[in-house]
Amino acid sequence: MYFNTDSNRKPSFLLLPAISSSPETGIEFGGAAILSFYSDTINRNTRVSNIFGYATLTTKGQAKLSLNTSYWTPQNNWHYSESISYYNYPFDFYGIGNNTKLSNIDPVFERRYKFSFAGEKLFGDRFYVGYVAGAVKYFYGYQPDPNATINSDPGVQDKHGGDIVYVGPSFTYDTRNNNTYTTKGIIISGYYNLMQGI
């Protein structure tokens with residue numbers, strides 16, 4: 001199916017299970033779904049758009065939820081993408097710098113909310129210029145021991161989390177023959193974010 005031309009240009013829906021395992025999370029299980037569609041079923045050059053969702057839970061109580069979209073307007077004049085996600089996941093913190101020790105391990109629980117949006121306009125037949133914007137909110141939880149690395153290291157900032165907003169310009173050079181199963185061409189993307197903690 002990957003090398004045949006899509007002649008009907010009808011929407012399609014795919015649902016897949018997901019399973020993984022790690023020491024911090026135990027067994028992770030859930031699924032992913034993707035809805036693919038065309039904003040223009042007449043013009044053969046319009047690229048396929050999609051909505052992609054992903055959700056998992058773990059046996060140790062962590063969760064990941066995300067929803068992503070990629071929307072191409074008729075004749076690819078604009079490309080919009082959006083992402084919204086929630087992560088409730090742990091990680092191990094050892095301190096800051098090149099001389100951290102394994103014995104300084106601190107389990108840290110992170111909750112993160114993230115939103116991003118981008119829009120790019122086609123100039124010519126290969127160049128897109130636009131913008132990116134978004135926001136991230138972090139919450140961190142960890143052991144209350146005052147001697148723990150995360151509590152005692154003066155270099156650690158925003159120990160309980162923080163907020164970030166960002167905005168900036170973006171550009172893309174895209175010669176791919178297909179945006180979902182490329183067999184020739186390249187894509188080069190760049191962006192610059194002005195970022196500020198709230």
# chains A, B, ... in the order shown; residues from 1 in each chain; ligands from 1
>>> residues_around(residues="A:Tyr54", least_positions_apart="2", cutoff="7 Å", atoms="only C-alpha atoms", output="VMD selection string")
chain A and resid 31 to 33 52 56 65 to 67
>>> write_last_selection(atoms="all heavy atoms", output="compact mmCIF listing (two decimals), in the first residue's frame")
# COMPACT_ATOMS: atom_id res chain seq x y z
N GLY A 31 -2.72 2.81 23.53
CA GLY A 31 -2.91 2.71 22.10
C GLY A 31 -2.73 4.04 21.39
O GLY A 31 -2.59 5.09 22.02
N ALA A 32 -2.72 3.95 20.08
CA ALA A 32 -2.59 5.12 19.22
C ALA A 32 -3.62 5.01 18.11
O ALA A 32 -3.99 3.91 17.69
CB ALA A 32 -1.19 5.20 18.64
N ALA A 33 -4.07 6.16 17.64
CA ALA A 33 -5.04 6.18 16.54
C ALA A 33 -4.68 7.33 15.61
O ALA A 33 -4.20 8.38 16.05
CB ALA A 33 -6.46 6.36 17.08
N PHE A 52 -3.61 12.67 14.98
CA PHE A 52 -2.96 11.52 15.62
C PHE A 52 -3.10 11.64 17.13
O PHE A 52 -2.75 12.67 17.72
CB PHE A 52 -1.48 11.49 15.24
CG PHE A 52 -0.69 10.44 15.96
CD1 PHE A 52 -0.83 9.10 15.64
CD2 PHE A 52 0.20 10.78 16.98
CE1 PHE A 52 -0.10 8.12 16.30
CE2 PHE A 52 0.92 9.82 17.65
CZ PHE A 52 0.77 8.48 17.31
N THR A 56 -1.42 6.30 27.00
CA THR A 56 -0.93 5.11 27.71
C THR A 56 -1.04 5.33 29.21
O THR A 56 -1.02 6.46 29.70
CB THR A 56 0.54 4.79 27.37
OG1 THR A 56 1.37 5.87 27.79
CG2 THR A 56 0.73 4.52 25.89
N LEU A 65 -0.77 11.38 27.48
CA LEU A 65 -1.88 11.67 26.57
C LEU A 65 -1.40 12.71 25.58
O LEU A 65 -0.78 13.70 25.98
CB LEU A 65 -3.09 12.23 27.32
CG LEU A 65 -3.73 11.35 28.39
CD1 LEU A 65 -4.71 12.16 29.21
CD2 LEU A 65 -4.44 10.18 27.75
N SER A 66 -1.66 12.52 24.30
CA SER A 66 -1.27 13.54 23.33
C SER A 66 -2.22 13.51 22.13
O SER A 66 -2.76 12.46 21.79
CB SER A 66 0.17 13.36 22.86
OG SER A 66 0.30 12.20 22.07
N LEU A 67 -2.40 14.69 21.55
CA LEU A 67 -3.20 14.83 20.35
C LEU A 67 -2.44 15.77 19.43
O LEU A 67 -2.08 16.88 19.82
CB LEU A 67 -4.58 15.40 20.67
CG LEU A 67 -5.53 15.55 19.48
CD1 LEU A 67 -5.89 14.18 18.90
CD2 LEU A 67 -6.79 16.29 19.90
>>> select_by_dssp(residues="stretch 17-156 of chain A", states="strand (DSSP E)", output="VMD selection string")
chain A and resid 17 to 22 26 to 37 49 to 58 63 to 72 78 to 93 106 to 123 127 to 142
>>> residues_around(residues="stretch 97-104 of chain A", least_positions_apart="4", cutoff="9 Å", atoms="only C-alpha atoms", output="NGL selection string")
:A and (93 or 148-149)
>>> write_last_selection(atoms="N, CA and C atoms", output="PDB file, in the first residue's frame")
ATOM      1  N   PHE A  93      17.089  12.057  38.855  1.00  0.00           N
ATOM      2  CA  PHE A  93      17.913  13.266  38.856  1.00  0.00           C
ATOM      3  C   PHE A  93      19.179  12.981  39.661  1.00  0.00           C
ATOM      4  N   ALA A 148      18.629  15.689  50.111  1.00  0.00           N
ATOM      5  CA  ALA A 148      18.578  15.134  48.763  1.00  0.00           C
ATOM      6  C   ALA A 148      19.228  16.116  47.793  1.00  0.00           C
ATOM      7  N   THR A 149      19.818  15.599  46.725  1.00  0.00           N
ATOM      8  CA  THR A 149      20.558  16.423  45.765  1.00  0.00           C
ATOM      9  C   THR A 149      19.710  17.562  45.225  1.00  0.00           C
TER      10      THR A 149
END
>>> closest_residue(among="A:Pro154, A:Pro107, A:Gly190, A:Pro90", to="A:Tyr128", atoms="only C-alpha atoms")
A:Gly190
>>> residues_around(residues="A:Asn45", least_positions_apart="6", cutoff="10 Å", atoms="only C-alpha atoms", output="compact mmCIF listing (two decimals) with all heavy atoms, in the first residue's frame")
# COMPACT_ATOMS: atom_id res chain seq x y z
N PRO A 74 -6.03 23.29 0.71
CA PRO A 74 -6.00 22.94 -0.72
C PRO A 74 -4.79 23.54 -1.44
O PRO A 74 -4.41 24.69 -1.21
CB PRO A 74 -7.32 23.54 -1.24
CG PRO A 74 -8.24 23.45 -0.06
CD PRO A 74 -7.36 23.75 1.13
N GLN A 75 -4.17 22.71 -2.26
CA GLN A 75 -2.97 23.03 -3.03
C GLN A 75 -1.78 23.36 -2.14
O GLN A 75 -0.81 23.97 -2.58
CB GLN A 75 -3.25 24.16 -4.03
CG GLN A 75 -4.33 23.80 -5.03
CD GLN A 75 -4.58 24.91 -6.01
OE1 GLN A 75 -3.65 25.58 -6.43
NE2 GLN A 75 -5.84 25.10 -6.39
N ASN A 76 -1.84 22.97 -0.88
CA ASN A 76 -0.73 23.12 0.09
C ASN A 76 -0.33 24.58 0.31
O ASN A 76 0.82 24.86 0.64
CB ASN A 76 0.49 22.31 -0.37
CG ASN A 76 0.16 20.88 -0.67
OD1 ASN A 76 -0.61 20.25 0.06
ND2 ASN A 76 0.69 20.37 -1.76
N ASN A 177 8.12 13.95 -2.29
CA ASN A 177 7.06 13.58 -3.21
C ASN A 177 5.79 13.17 -2.47
O ASN A 177 4.70 13.14 -3.04
CB ASN A 177 7.51 12.45 -4.14
CG ASN A 177 7.85 11.18 -3.40
OD1 ASN A 177 8.17 11.21 -2.21
ND2 ASN A 177 7.79 10.05 -4.09
N ASN A 178 5.90 12.85 -1.19
CA ASN A 178 4.75 12.49 -0.37
C ASN A 178 5.12 12.75 1.09
O ASN A 178 6.22 12.39 1.52
CB ASN A 178 4.38 11.02 -0.59
CG ASN A 178 3.07 10.65 0.05
OD1 ASN A 178 2.93 10.70 1.26
ND2 ASN A 178 2.10 10.29 -0.78
>>> closest_residue(among="A:Val156, A:Val108, A:Val132, A:Val48", to="A:Leu35", atoms="only C-alpha atoms")
A:Val48
>>> residues_around(residues="A:Leu57", least_positions_apart="6", cutoff="12 Å", atoms="only C-alpha atoms", output="MDAnalysis selection string")
chainID A and resid 18:21 25:31 63:65 86:89
>>> write_last_selection(atoms="all heavy atoms", output="compact mmCIF listing (two decimals), in the first residue's frame")
# COMPACT_ATOMS: atom_id res chain seq x y z
N ALA A 18 -0.34 -0.28 22.02
CA ALA A 18 1.03 0.09 22.41
C ALA A 18 1.35 -0.59 23.73
O ALA A 18 0.52 -0.61 24.65
CB ALA A 18 1.17 1.60 22.54
N ILE A 19 2.57 -1.13 23.85
CA ILE A 19 3.01 -1.74 25.11
C ILE A 19 4.52 -1.57 25.24
O ILE A 19 5.26 -1.65 24.25
CB ILE A 19 2.61 -3.23 25.20
CG1 ILE A 19 2.90 -3.78 26.59
CG2 ILE A 19 3.26 -4.05 24.11
CD1 ILE A 19 2.23 -5.10 26.88
N SER A 20 4.98 -1.27 26.45
CA SER A 20 6.42 -1.15 26.72
C SER A 20 6.66 -1.38 28.20
O SER A 20 5.72 -1.54 28.97
CB SER A 20 6.94 0.23 26.28
OG SER A 20 6.39 1.23 27.12
N SER A 21 7.94 -1.35 28.59
CA SER A 21 8.28 -1.57 29.99
C SER A 21 9.58 -0.85 30.33
O SER A 21 10.48 -0.74 29.48
CB SER A 21 8.44 -3.07 30.24
OG SER A 21 8.85 -3.31 31.57
N THR A 25 8.59 2.79 35.37
CA THR A 25 7.15 2.82 35.09
C THR A 25 6.45 1.47 35.24
O THR A 25 5.23 1.43 35.36
CB THR A 25 6.89 3.31 33.66
OG1 THR A 25 7.46 2.39 32.74
CG2 THR A 25 7.48 4.69 33.44
N GLY A 26 7.20 0.36 35.23
CA GLY A 26 6.56 -0.94 35.15
C GLY A 26 6.09 -1.17 33.71
O GLY A 26 6.72 -0.70 32.77
N ILE A 27 4.98 -1.84 33.55
CA ILE A 27 4.45 -2.11 32.21
C ILE A 27 3.58 -0.93 31.78
O ILE A 27 2.72 -0.47 32.53
CB ILE A 27 3.65 -3.42 32.19
CG1 ILE A 27 4.58 -4.60 32.52
CG2 ILE A 27 3.01 -3.64 30.81
CD1 ILE A 27 3.87 -5.92 32.68
N GLU A 28 3.83 -0.47 30.58
CA GLU A 28 3.05 0.63 30.00
C GLU A 28 2.18 0.06 28.89
O GLU A 28 2.65 -0.69 28.05
CB GLU A 28 3.99 1.70 29.44
CG GLU A 28 3.28 2.87 28.81
CD GLU A 28 4.25 3.92 28.26
OE1 GLU A 28 5.48 3.67 28.30
OE2 GLU A 28 3.77 4.95 27.79
N PHE A 29 0.90 0.41 28.89
CA PHE A 29 0.00 -0.10 27.87
C PHE A 29 -0.99 0.99 27.46
O PHE A 29 -1.28 1.90 28.22
CB PHE A 29 -0.75 -1.34 28.38
CG PHE A 29 -1.49 -1.10 29.66
CD1 PHE A 29 -2.82 -0.70 29.65
CD2 PHE A 29 -0.86 -1.25 30.89
CE1 PHE A 29 -3.49 -0.47 30.83
CE2 PHE A 29 -1.53 -1.01 32.07
CZ PHE A 29 -2.86 -0.62 32.05
N GLY A 30 -1.45 0.89 26.24
CA GLY A 30 -2.40 1.87 25.71
C GLY A 30 -2.55 1.69 24.23
O GLY A 30 -2.48 0.58 23.71
N GLY A 31 -2.72 2.81 23.53
CA GLY A 31 -2.91 2.71 22.10
C GLY A 31 -2.73 4.04 21.39
O GLY A 31 -2.59 5.09 22.02
N ALA A 63 1.03 8.36 33.26
CA ALA A 63 0.15 8.47 32.10
C ALA A 63 0.76 9.40 31.06
O ALA A 63 1.49 10.34 31.39
CB ALA A 63 -1.21 8.99 32.52
N LYS A 64 0.45 9.12 29.79
CA LYS A 64 0.79 9.99 28.66
C LYS A 64 -0.46 10.15 27.82
O LYS A 64 -1.11 9.17 27.47
CB LYS A 64 1.84 9.34 27.75
CG LYS A 64 3.26 9.42 28.17
CD LYS A 64 4.11 8.84 27.03
CE LYS A 64 5.47 8.40 27.52
NZ LYS A 64 6.24 7.71 26.49
N LEU A 65 -0.77 11.38 27.48
CA LEU A 65 -1.88 11.67 26.57
C LEU A 65 -1.40 12.71 25.58
O LEU A 65 -0.78 13.70 25.98
CB LEU A 65 -3.09 12.23 27.32
CG LEU A 65 -3.73 11.35 28.39
CD1 LEU A 65 -4.71 12.16 29.21
CD2 LEU A 65 -4.44 10.18 27.75
N TYR A 86 -0.22 15.82 27.73
CA TYR A 86 -0.10 15.75 29.18
C TYR A 86 0.77 14.55 29.50
O TYR A 86 0.51 13.44 29.02
CB TYR A 86 -1.48 15.58 29.82
CG TYR A 86 -1.41 15.16 31.27
CD1 TYR A 86 -1.04 16.07 32.26
CD2 TYR A 86 -1.69 13.85 31.66
CE1 TYR A 86 -0.98 15.69 33.58
CE2 TYR A 86 -1.63 13.46 32.98
CZ TYR A 86 -1.27 14.38 33.95
OH TYR A 86 -1.19 14.01 35.26
N TYR A 87 1.85 14.78 30.27
CA TYR A 87 2.72 13.69 30.70
C TYR A 87 2.76 13.69 32.22
O TYR A 87 2.92 14.73 32.84
CB TYR A 87 4.16 13.88 30.19
CG TYR A 87 4.38 13.49 28.75
CD1 TYR A 87 3.33 13.33 27.86
CD2 TYR A 87 5.66 13.27 28.27
CE1 TYR A 87 3.55 12.98 26.54
CE2 TYR A 87 5.88 12.92 26.95
CZ TYR A 87 4.82 12.77 26.09
OH TYR A 87 5.03 12.42 24.79
N ASN A 88 2.64 12.51 32.78
CA ASN A 88 2.82 12.31 34.22
C ASN A 88 3.85 11.20 34.32
O ASN A 88 3.51 10.02 34.31
CB ASN A 88 1.50 11.92 34.87
CG ASN A 88 1.65 11.61 36.34
OD1 ASN A 88 2.68 11.89 36.94
ND2 ASN A 88 0.63 11.02 36.93
N TYR A 89 5.14 11.58 34.37
CA TYR A 89 6.20 10.59 34.25
C TYR A 89 7.37 10.89 35.17
O TYR A 89 7.73 12.04 35.38
CB TYR A 89 6.71 10.55 32.79
CG TYR A 89 6.28 9.30 32.09
CD1 TYR A 89 4.94 9.08 31.83
CD2 TYR A 89 7.19 8.34 31.73
CE1 TYR A 89 4.53 7.92 31.21
CE2 TYR A 89 6.78 7.19 31.10
CZ TYR A 89 5.44 6.99 30.84
OH TYR A 89 5.05 5.83 30.24
>>> residues_around(residues="stretch 36-41 of chain A", least_positions_apart="3", cutoff="10 Å", atoms="only C-alpha atoms", output="list in words")
Ser7, Asn8, Arg9, Lys10, Pro11, Ser12, Phe13, Leu14, Arg44, Asn45, Thr46, Arg47, Val48, Ser49, Asn50, Ile51, Phe52, Thr69, Ser70, Tyr71, Trp72, Thr73, Pro74, Gln75, Asn76 and Thr180 of chain A
>>> write_last_selection(atoms="N, CA and C atoms", output="PDB file, in the first residue's frame")
ATOM      1  N   SER A   7      -5.802   6.530  -5.151  1.00  0.00           N
ATOM      2  CA  SER A   7      -6.695   6.994  -6.207  1.00  0.00           C
ATOM      3  C   SER A   7      -8.035   7.481  -5.674  1.00  0.00           C
ATOM      4  N   ASN A   8      -8.492   6.996  -4.504  1.00  0.00           N
ATOM      5  CA  ASN A   8      -9.815   7.392  -4.042  1.00  0.00           C
ATOM      6  C   ASN A   8      -9.789   8.612  -3.126  1.00  0.00           C
ATOM      7  N   ARG A   9      -8.666   8.878  -2.460  1.00  0.00           N
ATOM      8  CA  ARG A   9      -8.489  10.041  -1.588  1.00  0.00           C
ATOM      9  C   ARG A   9      -9.588  10.120  -0.523  1.00  0.00           C
ATOM     10  N   LYS A  10     -10.044   8.971  -0.054  1.00  0.00           N
ATOM     11  CA  LYS A  10     -11.044   8.922   1.006  1.00  0.00           C
ATOM     12  C   LYS A  10     -10.345   8.926   2.365  1.00  0.00           C
ATOM     13  N   PRO A  11     -11.025   9.372   3.410  1.00  0.00           N
ATOM     14  CA  PRO A  11     -10.429   9.336   4.753  1.00  0.00           C
ATOM     15  C   PRO A  11     -10.141   7.900   5.182  1.00  0.00           C
ATOM     16  N   SER A  12      -9.135   7.738   6.038  1.00  0.00           N
ATOM     17  CA  SER A  12      -8.836   6.416   6.587  1.00  0.00           C
ATOM     18  C   SER A  12      -8.563   6.544   8.080  1.00  0.00           C
ATOM     19  N   PHE A  13      -8.830   5.473   8.806  1.00  0.00           N
ATOM     20  CA  PHE A  13      -8.659   5.460  10.256  1.00  0.00           C
ATOM     21  C   PHE A  13      -7.898   4.206  10.640  1.00  0.00           C
ATOM     22  N   LEU A  14      -6.878   4.350  11.502  1.00  0.00           N
ATOM     23  CA  LEU A  14      -6.067   3.223  11.933  1.00  0.00           C
ATOM     24  C   LEU A  14      -5.905   3.280  13.449  1.00  0.00           C
ATOM     25  N   ARG A  44      -4.912  16.845  -7.088  1.00  0.00           N
ATOM     26  CA  ARG A  44      -4.073  15.689  -6.767  1.00  0.00           C
ATOM     27  C   ARG A  44      -2.801  16.073  -6.017  1.00  0.00           C
ATOM     28  N   ASN A  45      -2.430  17.358  -6.026  1.00  0.00           N
ATOM     29  CA  ASN A  45      -1.198  17.778  -5.369  1.00  0.00           C
ATOM     30  C   ASN A  45      -1.375  18.074  -3.882  1.00  0.00           C
ATOM     31  N   THR A  46      -2.609  18.220  -3.425  1.00  0.00           N
ATOM     32  CA  THR A  46      -2.839  18.521  -2.011  1.00  0.00           C
ATOM     33  C   THR A  46      -2.400  17.342  -1.158  1.00  0.00           C
ATOM     34  N   ARG A  47      -1.609  17.640  -0.152  1.00  0.00           N
ATOM     35  CA  ARG A  47      -1.061  16.580   0.704  1.00  0.00           C
ATOM     36  C   ARG A  47      -2.092  16.081   1.711  1.00  0.00           C
ATOM     37  N   VAL A  48      -1.818  14.898   2.221  1.00  0.00           N
ATOM     38  CA  VAL A  48      -2.732  14.287   3.180  1.00  0.00           C
ATOM     39  C   VAL A  48      -2.561  14.948   4.551  1.00  0.00           C
ATOM     40  N   SER A  49      -3.682  15.243   5.206  1.00  0.00           N
ATOM     41  CA  SER A  49      -3.700  15.786   6.562  1.00  0.00           C
ATOM     42  C   SER A  49      -4.004  14.649   7.526  1.00  0.00           C
ATOM     43  N   ASN A  50      -3.718  14.870   8.818  1.00  0.00           N
ATOM     44  CA  ASN A  50      -4.022  13.811   9.779  1.00  0.00           C
ATOM     45  C   ASN A  50      -4.236  14.362  11.179  1.00  0.00           C
ATOM     46  N   ILE A  51      -4.924  13.559  11.970  1.00  0.00           N
ATOM     47  CA  ILE A  51      -5.086  13.772  13.407  1.00  0.00           C
ATOM     48  C   ILE A  51      -4.577  12.507  14.076  1.00  0.00           C
ATOM     49  N   PHE A  52      -3.609  12.670  14.977  1.00  0.00           N
ATOM     50  CA  PHE A  52      -2.957  11.523  15.619  1.00  0.00           C
ATOM     51  C   PHE A  52      -3.103  11.639  17.132  1.00  0.00           C
ATOM     52  N   THR A  69      -2.059  17.321  15.266  1.00  0.00           N
ATOM     53  CA  THR A  69      -2.686  17.472  13.963  1.00  0.00           C
ATOM     54  C   THR A  69      -1.694  18.039  12.958  1.00  0.00           C
ATOM     55  N   SER A  70      -1.880  17.680  11.728  1.00  0.00           N
ATOM     56  CA  SER A  70      -1.130  18.253  10.605  1.00  0.00           C
ATOM     57  C   SER A  70      -2.147  18.493   9.505  1.00  0.00           C
ATOM     58  N   TYR A  71      -2.380  19.765   9.186  1.00  0.00           N
ATOM     59  CA  TYR A  71      -3.437  20.115   8.237  1.00  0.00           C
ATOM     60  C   TYR A  71      -2.859  20.885   7.066  1.00  0.00           C
ATOM     61  N   TRP A  72      -3.076  20.369   5.863  1.00  0.00           N
ATOM     62  CA  TRP A  72      -2.647  21.008   4.617  1.00  0.00           C
ATOM     63  C   TRP A  72      -3.884  21.562   3.928  1.00  0.00           C
ATOM     64  N   THR A  73      -3.899  22.869   3.654  1.00  0.00           N
ATOM     65  CA  THR A  73      -5.023  23.470   2.938  1.00  0.00           C
ATOM     66  C   THR A  73      -4.955  23.074   1.466  1.00  0.00           C
ATOM     67  N   PRO A  74      -6.032  23.292   0.710  1.00  0.00           N
ATOM     68  CA  PRO A  74      -6.004  22.944  -0.719  1.00  0.00           C
ATOM     69  C   PRO A  74      -4.794  23.538  -1.437  1.00  0.00           C
ATOM     70  N   GLN A  75      -4.172  22.709  -2.265  1.00  0.00           N
ATOM     71  CA  GLN A  75      -2.973  23.026  -3.034  1.00  0.00           C
ATOM     72  C   GLN A  75      -1.780  23.363  -2.136  1.00  0.00           C
ATOM     73  N   ASN A  76      -1.836  22.965  -0.881  1.00  0.00           N
ATOM     74  CA  ASN A  76      -0.734  23.117   0.087  1.00  0.00           C
ATOM     75  C   ASN A  76      -0.331  24.578   0.308  1.00  0.00           C
ATOM     76  N   THR A 180       3.756  11.437   3.842  1.00  0.00           N
ATOM     77  CA  THR A 180       3.595  10.328   4.784  1.00  0.00           C
ATOM     78  C   THR A 180       4.449   9.115   4.450  1.00  0.00           C
TER      79      THR A 180
END
>>> atom_distance(atom1="atom CA of A:Ile188", atom2="atom CA of A:Asn68")
20.2 Å
>>> atom_distance(atom1="atom CA of A:Leu194", atom2="atom CA of A:Val167")
5.5 Å
>>> select_by_dssp(residues="stretch 13-118 of chain A", states="helix (DSSP H, G or I)", output="list in words")
Pro74, Gln75, Asn76, Leu102, Ser103 and Asn104 of chain A
>>> residues_around(residues="A:Lys137", least_positions_apart="5", cutoff="9 Å", atoms="only C-alpha atoms", output="PyMOL selection string")
chain A and resi 111-114+161-165
>>> write_last_selection(atoms="N, CA, C and O atoms", output="CSV table (one decimal), in the first residue's frame")
chain,number,residue,atom,x,y,z
A,111,ARG,N,5.0,16.2,36.1
A,111,ARG,CA,3.7,16.4,35.3
A,111,ARG,C,4.0,17.6,34.4
A,111,ARG,O,4.4,18.6,34.8
A,112,ARG,N,3.6,17.4,33.1
A,112,ARG,CA,3.9,18.4,32.1
A,112,ARG,C,2.7,18.6,31.2
A,112,ARG,O,2.2,17.6,30.7
A,113,TYR,N,2.3,19.8,31.1
A,113,TYR,CA,1.2,20.2,30.1
A,113,TYR,C,1.9,21.0,29.0
A,113,TYR,O,2.6,21.9,29.3
A,114,LYS,N,1.6,20.6,27.8
A,114,LYS,CA,2.3,21.3,26.6
A,114,LYS,C,1.3,21.6,25.5
A,114,LYS,O,0.5,20.7,25.2
A,161,GLY,N,8.9,23.3,39.5
A,161,GLY,CA,8.3,23.4,38.2
A,161,GLY,C,8.3,24.9,37.7
A,161,GLY,O,9.0,25.7,38.3
A,162,GLY,N,7.6,25.1,36.6
A,162,GLY,CA,7.6,26.5,36.1
A,162,GLY,C,6.7,26.5,34.8
A,162,GLY,O,6.1,25.6,34.4
A,163,ASP,N,6.7,27.7,34.3
A,163,ASP,CA,5.9,28.0,33.1
A,163,ASP,C,6.8,28.6,32.0
A,163,ASP,O,7.7,29.4,32.3
A,164,ILE,N,6.5,28.3,30.8
A,164,ILE,CA,7.3,28.8,29.6
A,164,ILE,C,6.3,29.1,28.5
A,164,ILE,O,5.3,28.4,28.2
A,165,VAL,N,6.4,30.3,27.9
A,165,VAL,CA,5.7,30.6,26.7
A,165,VAL,C,6.7,30.9,25.6
A,165,VAL,O,7.8,31.4,25.9
>>> closest_residue(among="A:Asp92, A:Glu82, A:Asp153, A:Asp125", to="A:Gly141", atoms="only C-alpha atoms")
A:Asp92
>>> atom_distance(atom1="atom CA of A:Tyr192", atom2="atom CA of A:Ser83")
17.7 Å
>>> decode(residues="stretch 44-50 of chain A", atoms="all heavy atoms", output="JSON list (two decimals), in the first residue's frame")
[["chain", "number", "residue", "atom", "x", "y", "z"],
["A", 44, "ARG", "N", -4.91, 16.84, -7.09],
["A", 44, "ARG", "CA", -4.07, 15.69, -6.77],
["A", 44, "ARG", "C", -2.80, 16.07, -6.02],
["A", 44, "ARG", "O", -2.14, 15.21, -5.45],
["A", 44, "ARG", "CB", -3.69, 14.93, -8.04],
["A", 44, "ARG", "CG", -4.84, 14.57, -8.94],
["A", 44, "ARG", "CD", -5.81, 13.63, -8.31],
["A", 44, "ARG", "NE", -5.22, 12.34, -8.03],
["A", 44, "ARG", "CZ", -5.85, 11.35, -7.41],
["A", 44, "ARG", "NH1", -7.08, 11.51, -7.00],
["A", 44, "ARG", "NH2", -5.25, 10.22, -7.19],
["A", 45, "ASN", "N", -2.43, 17.36, -6.03],
["A", 45, "ASN", "CA", -1.20, 17.78, -5.37],
["A", 45, "ASN", "C", -1.37, 18.07, -3.88],
["A", 45, "ASN", "O", -0.40, 18.20, -3.16],
["A", 45, "ASN", "CB", -0.61, 19.02, -6.06],
["A", 45, "ASN", "CG", -0.15, 18.70, -7.47],
["A", 45, "ASN", "OD1", 0.35, 17.61, -7.73],
["A", 45, "ASN", "ND2", -0.33, 19.64, -8.38],
["A", 46, "THR", "N", -2.61, 18.22, -3.43],
["A", 46, "THR", "CA", -2.84, 18.52, -2.01],
["A", 46, "THR", "C", -2.40, 17.34, -1.16],
["A", 46, "THR", "O", -2.78, 16.20, -1.41],
["A", 46, "THR", "CB", -4.32, 18.84, -1.76],
["A", 46, "THR", "OG1", -4.68, 19.97, -2.55],
["A", 46, "THR", "CG2", -4.56, 19.15, -0.29],
["A", 47, "ARG", "N", -1.61, 17.64, -0.15],
["A", 47, "ARG", "CA", -1.06, 16.58, 0.70],
["A", 47, "ARG", "C", -2.09, 16.08, 1.71],
["A", 47, "ARG", "O", -3.07, 16.77, 2.02],
["A", 47, "ARG", "CB", 0.18, 17.10, 1.43],
["A", 47, "ARG", "CG", 1.30, 17.35, 0.44],
["A", 47, "ARG", "CD", 2.57, 17.73, 1.11],
["A", 47, "ARG", "NE", 3.66, 17.63, 0.14],
["A", 47, "ARG", "CZ", 4.91, 17.88, 0.42],
["A", 47, "ARG", "NH1", 5.26, 18.25, 1.62],
["A", 47, "ARG", "NH2", 5.83, 17.76, -0.51],
["A", 48, "VAL", "N", -1.82, 14.90, 2.22],
["A", 48, "VAL", "CA", -2.73, 14.29, 3.18],
["A", 48, "VAL", "C", -2.56, 14.95, 4.55],
["A", 48, "VAL", "O", -1.44, 15.22, 5.00],
["A", 48, "VAL", "CB", -2.52, 12.75, 3.25],
["A", 48, "VAL", "CG1", -1.15, 12.40, 3.78],
["A", 48, "VAL", "CG2", -3.61, 12.10, 4.08],
["A", 49, "SER", "N", -3.68, 15.24, 5.21],
["A", 49, "SER", "CA", -3.70, 15.79, 6.56],
["A", 49, "SER", "C", -4.00, 14.65, 7.53],
["A", 49, "SER", "O", -4.50, 13.59, 7.13],
["A", 49, "SER", "CB", -4.77, 16.87, 6.68],
["A", 49, "SER", "OG", -4.53, 17.92, 5.78],
["A", 50, "ASN", "N", -3.72, 14.87, 8.82],
["A", 50, "ASN", "CA", -4.02, 13.81, 9.78],
["A", 50, "ASN", "C", -4.24, 14.36, 11.18],
["A", 50, "ASN", "O", -3.80, 15.46, 11.51],
["A", 50, "ASN", "CB", -2.95, 12.73, 9.78],
["A", 50, "ASN", "CG", -1.61, 13.23, 10.23],
["A", 50, "ASN", "OD1", -1.43, 13.65, 11.36],
["A", 50, "ASN", "ND2", -0.64, 13.22, 9.32]]
